[in-house]
Amino acid sequence: MIHQANVRVESQWQKELKQSFTKPELLLEYLGFNPEKFSQDISARSLFNMRIPHHFANLMEKNNVNDPLFKQVFPSHLEFLTSTEYVADPLLEQNNSTPGLLHKYKSRVLIIFKGGCAVNCRYCFRRHFPYADNSVNKQQLLDHLEYIKQHTQINEVILSGGDPLMADDNALYWFIKALADIAHITRVRIHTRLPVVIPSRITETLLDVLSQSRFKVIMVLHINHVNEISPELRTVCHKLKQANVTLLNQAVLLKDVNDTLEAQVNLSEGLFAADILPYYLHLLDKVTGAMHFDICEKEAKSLYQKMLEQLPGFLMPKLVREIGGEKSKTPILP
């Protein structure tokens with residue numbers, strides 16, 4: 001039996017979300033840094049807001065400016081670097097004719113279920129995405145359900161964002177229940193980073209919603225470094241596994257964050273220990289403000305070849321790049 005949450009009662013995860021660091025100076029002081037030494041970096045907040053939950057901040061090593069989690073989410077003066085190669089919409093998503101719905105792949109449709117994220121990663125390919133123009137209300141979700149109903153070649157619905165788990169449990173319950181009435185849909189996929197940065201987001205209600213659905217449910221987490229796999233995350237992954245949710249991970253290859261053989265081997269091993277299978281390792285999408293994270297394809301291929309020599313096949317993510325306008329991801333073969 002699904003116990004729907006009372007929307008008037010704030011959940012633990014929502015409280016944690018509200019308490020997130022949004023001012024760089026406060027995070028720097030929390031980590032033992034002198035904010036005065038970061039004035040140039042702090043100014044990059046004007047390009048893309050900062051948001052970092054306390055749980056994720058607690059996984060960072062204090063007084064270490066090279067901490068791989070800190071580097072992913074703290075503003076950097078390098079974000080002001082520009083190049084014609086790096087654009088605001090690298091995947092050509094912003095001229096979408098149906099706001100909130102992307103039907104790029106024949107059998108799969110992606111819904112921007114909820115704009116906004118619990119953490120703002122500085123390399124995000126949607127850091128310039130106009131979520132205000134693509135946010136969906138209930139009527140638009142009903143329209144999307146009608147679209148899915150009419151396109152019988154679709155068998156999988158992907159909930160994305162932002163982060164779909166920014167929606168409350170009641171909203172997810174309503175949509176998944178409505179989706180279950182469409183016979184040709186067999187799978188629901190949820191792309192999320194929220195369990196990583198606020199593990200309490202995996203509530204008992206959400207577990208009920210997912211376990212009692214007729215769908216094969218896949219949750220694709222976004223973890224770039226083994227240090228992100230906290231004991232709390234391992235606990236909720238175990239609960240998701242018990243709820244018959246398939247757990248996959250996609251990561252982005254990031255310069256000075258996870259671009260070493262040791263980092264990638266440790267990540268794959270750490271994921272498997274937490275009941276998560278490596279799925280994709282993305283080359284950086286060339287989005288304005290993130291060029292300092294980029295790794296050239298030659299280096300990526302060399303690293304991937306070394307990974308093949310160290311890891312069993314089932315722990316090898318697929319190395320891919322997304323190209324705007326293409327109908328599928330492009331494999332990068334060593």
# chains A, B, ... in the order shown; residues from 1 in each chain; ligands from 1

call {"tool": "select_by_dssp", "arguments": {"residues": "region 49-284 of chain A", "states": "helix (DSSP H, G or I)", "output": "JSON, numbers by chain"}}
result
{"A": [54, 55, 56, 57, 58, 68, 69, 70, 71, 72, 73, 77, 78, 79, 80, 131, 132, 133, 134, 138, 139, 140, 141, 142, 143, 144, 145, 146, 147, 148, 149, 150, 164, 165, 166, 169, 170, 171, 172, 173, 174, 175, 176, 177, 178, 179, 194, 195, 196, 197, 199, 200, 201, 204, 205, 206, 207, 208, 209, 210, 211, 226, 227, 228, 231, 232, 233, 234, 235, 236, 237, 238, 239, 240, 241, 242, 261, 262, 263, 264, 265, 266, 267, 268, 269, 270, 271, 272, 273]}

call {"tool": "residues_around", "arguments": {"residues": "Ala180 (chain A)", "least_positions_apart": "5", "cutoff": "12 Å", "atoms": "only C-alpha atoms", "output": "mmCIF file with C-alpha atoms, in the first residue's frame"}}
result
data_model
loop_
_atom_site.group_PDB
_atom_site.id
_atom_site.type_symbol
_atom_site.label_atom_id
_atom_site.label_comp_id
_atom_site.auth_asym_id
_atom_site.auth_seq_id
_atom_site.Cartn_x
_atom_site.Cartn_y
_atom_site.Cartn_z
ATOM 1 C CA LEU A 145 0.665 11.692 -21.502
ATOM 2 C CA ILE A 148 2.878 9.282 -25.378
ATOM 3 C CA LYS A 149 -0.453 7.490 -25.771
ATOM 4 C CA ASN A 155 8.084 1.945 -24.766
ATOM 5 C CA GLU A 156 10.186 3.916 -22.271
ATOM 6 C CA VAL A 157 9.661 7.247 -20.538
ATOM 7 C CA TYR A 173 2.967 8.949 -7.720
ATOM 8 C CA TRP A 174 0.286 10.687 -9.791
ATOM 9 C CA PHE A 175 2.354 10.697 -12.983
ATOM 10 C CA ILE A 185 5.010 1.743 -21.904
ATOM 11 C CA THR A 186 7.094 -0.932 -20.183
ATOM 12 C CA ARG A 187 9.921 1.041 -18.556
ATOM 13 C CA VAL A 188 10.357 4.227 -16.570
ATOM 14 C CA VAL A 209 5.672 4.171 -5.450
ATOM 15 C CA LEU A 210 8.511 2.538 -7.374
ATOM 16 C CA GLN A 212 4.422 -1.201 -6.575
ATOM 17 C CA SER A 213 4.536 0.106 -10.136
ATOM 18 C CA ARG A 214 4.063 -2.430 -12.952
ATOM 19 C CA PHE A 215 7.054 -0.910 -14.737
ATOM 20 C CA LYS A 216 10.632 -1.981 -14.902
ATOM 21 C CA VAL A 217 12.112 1.022 -13.097
#

call {"tool": "atom_distance", "arguments": {"atom1": "CA of Glu16 (chain A)", "atom2": "CA of Asn34 (chain A)"}}
result
25.1 Å

call {"tool": "atom_distance", "arguments": {"atom1": "CA of Lys15 (chain A)", "atom2": "CA of Cys117 (chain A)"}}
result
14.6 Å

call {"tool": "residues_around", "arguments": {"residues": "region 220-233 of chain A", "least_positions_apart": "6", "cutoff": "7 Å", "atoms": "only C-alpha atoms", "output": "number ranges by chain"}}
result
A: 59, 190-193, 195-196, 199, 247-252, 258, 263, 266-267, 270

call {"tool": "select_by_dssp", "arguments": {"residues": "region 22-167 of chain A", "states": "strand (DSSP E)", "output": "list in words"}}
result
Leu101, Leu102, His103, Lys104, Tyr105, Arg108, Val109, Leu110, Ile111, Ile112, Phe113, Lys114, Glu156, Val157, Ile158, Leu159, Ser160 and Gly161 of chain A

call {"tool": "write_last_selection", "arguments": {"atoms": "C-alpha atoms", "output": "mmCIF file, in the first residue's frame"}}
result
data_model
loop_
_atom_site.group_PDB
_atom_site.id
_atom_site.type_symbol
_atom_site.label_atom_id
_atom_site.label_comp_id
_atom_site.auth_asym_id
_atom_site.auth_seq_id
_atom_site.Cartn_x
_atom_site.Cartn_y
_atom_site.Cartn_z
ATOM 1 C CA LEU A 101 9.243 17.021 -23.833
ATOM 2 C CA LEU A 102 12.110 15.733 -25.986
ATOM 3 C CA HIS A 103 11.460 12.902 -28.439
ATOM 4 C CA LYS A 104 14.970 12.421 -29.813
ATOM 5 C CA TYR A 105 15.062 8.617 -29.805
ATOM 6 C CA ARG A 108 12.064 6.709 -25.804
ATOM 7 C CA VAL A 109 10.717 10.056 -24.779
ATOM 8 C CA LEU A 110 12.316 12.383 -22.229
ATOM 9 C CA ILE A 111 10.285 14.684 -20.013
ATOM 10 C CA ILE A 112 11.780 17.664 -18.193
ATOM 11 C CA PHE A 113 9.720 16.678 -15.159
ATOM 12 C CA LYS A 114 11.143 19.272 -12.799
ATOM 13 C CA GLU A 156 10.186 3.916 -22.271
ATOM 14 C CA VAL A 157 9.661 7.247 -20.538
ATOM 15 C CA ILE A 158 12.669 9.073 -19.111
ATOM 16 C CA LEU A 159 12.089 11.555 -16.306
ATOM 17 C CA SER A 160 14.811 14.176 -16.359
ATOM 18 C CA GLY A 161 15.328 17.820 -15.479
#

call {"tool": "closest_residue", "arguments": {"among": "A:Ile154, A:Val245, A:Leu69, A:Leu81", "to": "Ile182 (chain A)", "atoms": "only C-alpha atoms"}}
result
A:Ile154

call {"tool": "atom_distance", "arguments": {"atom1": "CA of Glu299 (chain A)", "atom2": "CA of Leu284 (chain A)"}}
result
12.7 Å

call {"tool": "closest_residue", "arguments": {"among": "A:Ile52, A:Ile295, A:Leu17, A:Cys124", "to": "Asp89 (chain A)", "atoms": "only C-alpha atoms"}}
result
A:Cys124

call {"tool": "closest_residue", "arguments": {"among": "A:Val136, A:Met166, A:Leu27, A:Leu333", "to": "Ser11 (chain A)", "atoms": "only C-alpha atoms"}}
result
A:Met166

call {"tool": "closest_residue", "arguments": {"among": "A:Val265, A:Ala290, A:Val65, A:Ile332", "to": "Met307 (chain A)", "atoms": "only C-alpha atoms"}}
result
A:Val265

call {"tool": "residues_around", "arguments": {"residues": "Leu308 (chain A)", "least_positions_apart": "4", "cutoff": "10 Å", "atoms": "only C-alpha atoms", "output": "ChimeraX atom specification"}}
result
/A:265,303-304,312-313,315-317,334

call {"tool": "write_last_selection", "arguments": {"atoms": "C-alpha atoms", "output": "PDB file, in the first residue's frame"}}
result
ATOM      1  CA  VAL A 265      38.951   2.148 -11.241  1.00  0.00           C
ATOM      2  CA  LEU A 303      42.636   6.326 -20.250  1.00  0.00           C
ATOM      3  CA  TYR A 304      39.794   4.069 -21.395  1.00  0.00           C
ATOM      4  CA  PRO A 312      36.168  -6.640 -15.758  1.00  0.00           C
ATOM      5  CA  GLY A 313      33.777  -5.942 -18.619  1.00  0.00           C
ATOM      6  CA  LEU A 315      32.427  -2.672 -14.569  1.00  0.00           C
ATOM      7  CA  MET A 316      33.317  -0.798 -17.770  1.00  0.00           C
ATOM      8  CA  PRO A 317      31.086   2.166 -18.573  1.00  0.00           C
ATOM      9  CA  PRO A 334      39.956   3.140 -27.986  1.00  0.00           C
TER      10      PRO A 334
END

call {"tool": "closest_residue", "arguments": {"among": "A:Glu269, A:Glu297, A:Asp285, A:Asp181", "to": "Leu92 (chain A)", "atoms": "only C-alpha atoms"}}
result
A:Asp285

call {"tool": "closest_residue", "arguments": {"among": "A:Arg201, A:Arg122, A:His55, A:His151", "to": "Thr288 (chain A)", "atoms": "only C-alpha atoms"}}
result
A:Arg122

call {"tool": "decode", "arguments": {"residues": "region 248-268 of chain A", "atoms": "N, CA, C and O atoms", "output": "mmCIF file, in the first residue's frame"}}
result
data_model
loop_
_atom_site.group_PDB
_atom_site.id
_atom_site.type_symbol
_atom_site.label_atom_id
_atom_site.label_comp_id
_atom_site.auth_asym_id
_atom_site.auth_seq_id
_atom_site.Cartn_x
_atom_site.Cartn_y
_atom_site.Cartn_z
ATOM 1 N N LEU A 248 21.883 2.301 -12.209
ATOM 2 C CA LEU A 248 22.976 2.535 -13.139
ATOM 3 C C LEU A 248 23.641 3.866 -12.793
ATOM 4 O O LEU A 248 23.072 4.677 -12.064
ATOM 5 N N ASN A 249 24.818 4.082 -13.338
ATOM 6 C CA ASN A 249 25.495 5.361 -13.103
ATOM 7 C C ASN A 249 26.021 5.929 -14.404
ATOM 8 O O ASN A 249 26.530 5.209 -15.263
ATOM 9 N N GLN A 250 25.869 7.230 -14.547
ATOM 10 C CA GLN A 250 26.568 7.927 -15.621
ATOM 11 C C GLN A 250 27.467 8.989 -15.000
ATOM 12 O O GLN A 250 27.090 9.650 -14.030
ATOM 13 N N ALA A 251 28.642 9.095 -15.555
ATOM 14 C CA ALA A 251 29.632 10.047 -15.062
ATOM 15 C C ALA A 251 30.111 10.894 -16.225
ATOM 16 O O ALA A 251 29.897 10.563 -17.396
ATOM 17 N N VAL A 252 30.746 12.001 -15.890
ATOM 18 C CA VAL A 252 31.384 12.850 -16.889
ATOM 19 C C VAL A 252 32.884 12.840 -16.608
ATOM 20 O O VAL A 252 33.300 12.932 -15.454
ATOM 21 N N LEU A 253 33.658 12.679 -17.653
ATOM 22 C CA LEU A 253 35.118 12.698 -17.502
ATOM 23 C C LEU A 253 35.566 14.150 -17.364
ATOM 24 O O LEU A 253 35.365 14.967 -18.283
ATOM 25 N N LEU A 254 36.150 14.487 -16.213
ATOM 26 C CA LEU A 254 36.444 15.873 -15.869
ATOM 27 C C LEU A 254 37.925 16.056 -15.520
ATOM 28 O O LEU A 254 38.463 15.322 -14.676
ATOM 29 N N LYS A 255 38.528 17.022 -16.147
ATOM 30 C CA LYS A 255 39.948 17.308 -15.901
ATOM 31 C C LYS A 255 40.178 17.658 -14.433
ATOM 32 O O LYS A 255 39.446 18.454 -13.840
ATOM 33 N N ASP A 256 41.181 17.033 -13.841
ATOM 34 C CA ASP A 256 41.594 17.267 -12.452
ATOM 35 C C ASP A 256 40.545 16.851 -11.422
ATOM 36 O O ASP A 256 40.643 17.222 -10.249
ATOM 37 N N VAL A 257 39.559 16.077 -11.870
ATOM 38 C CA VAL A 257 38.547 15.548 -10.951
ATOM 39 C C VAL A 257 38.578 14.020 -10.955
ATOM 40 O O VAL A 257 38.705 13.379 -9.914
ATOM 41 N N ASN A 258 38.478 13.428 -12.151
ATOM 42 C CA ASN A 258 38.432 11.961 -12.237
ATOM 43 C C ASN A 258 39.135 11.449 -13.492
ATOM 44 O O ASN A 258 38.781 10.396 -14.024
ATOM 45 N N ASP A 259 40.139 12.181 -13.961
ATOM 46 C CA ASP A 259 40.782 11.847 -15.236
ATOM 47 C C ASP A 259 42.039 11.008 -15.059
ATOM 48 O O ASP A 259 42.958 11.072 -15.881
ATOM 49 N N THR A 260 42.073 10.194 -13.994
ATOM 50 C CA THR A 260 43.195 9.271 -13.794
ATOM 51 C C THR A 260 42.678 7.846 -13.747
ATOM 52 O O THR A 260 41.495 7.607 -13.454
ATOM 53 N N LEU A 261 43.575 6.909 -14.012
ATOM 54 C CA LEU A 261 43.188 5.498 -13.957
ATOM 55 C C LEU A 261 42.735 5.119 -12.553
ATOM 56 O O LEU A 261 41.722 4.424 -12.380
ATOM 57 N N GLU A 262 43.435 5.590 -11.553
ATOM 58 C CA GLU A 262 43.070 5.271 -10.169
ATOM 59 C C GLU A 262 41.655 5.759 -9.849
ATOM 60 O O GLU A 262 40.850 5.023 -9.256
ATOM 61 N N ALA A 263 41.341 6.988 -10.276
ATOM 62 C CA ALA A 263 40.017 7.547 -9.991
ATOM 63 C C ALA A 263 38.917 6.736 -10.668
ATOM 64 O O ALA A 263 37.869 6.462 -10.062
ATOM 65 N N GLN A 264 39.148 6.325 -11.901
ATOM 66 C CA GLN A 264 38.113 5.594 -12.634
ATOM 67 C C GLN A 264 37.949 4.157 -12.125
ATOM 68 O O GLN A 264 36.826 3.652 -12.015
ATOM 69 N N VAL A 265 39.048 3.505 -11.798
ATOM 70 C CA VAL A 265 38.951 2.148 -11.241
ATOM 71 C C VAL A 265 38.251 2.188 -9.889
ATOM 72 O O VAL A 265 37.349 1.374 -9.611
ATOM 73 N N ASN A 266 38.639 3.128 -9.043
ATOM 74 C CA ASN A 266 38.001 3.236 -7.728
ATOM 75 C C ASN A 266 36.514 3.554 -7.844
ATOM 76 O O ASN A 266 35.698 3.070 -7.054
ATOM 77 N N LEU A 267 36.165 4.389 -8.835
ATOM 78 C CA LEU A 267 34.755 4.719 -9.032
ATOM 79 C C LEU A 267 33.954 3.484 -9.422
ATOM 80 O O LEU A 267 32.907 3.200 -8.819
ATOM 81 N N SER A 268 34.420 2.733 -10.396
ATOM 82 C CA SER A 268 33.689 1.540 -10.833
ATOM 83 C C SER A 268 33.564 0.518 -9.711
ATOM 84 O O SER A 268 32.497 -0.071 -9.501
#
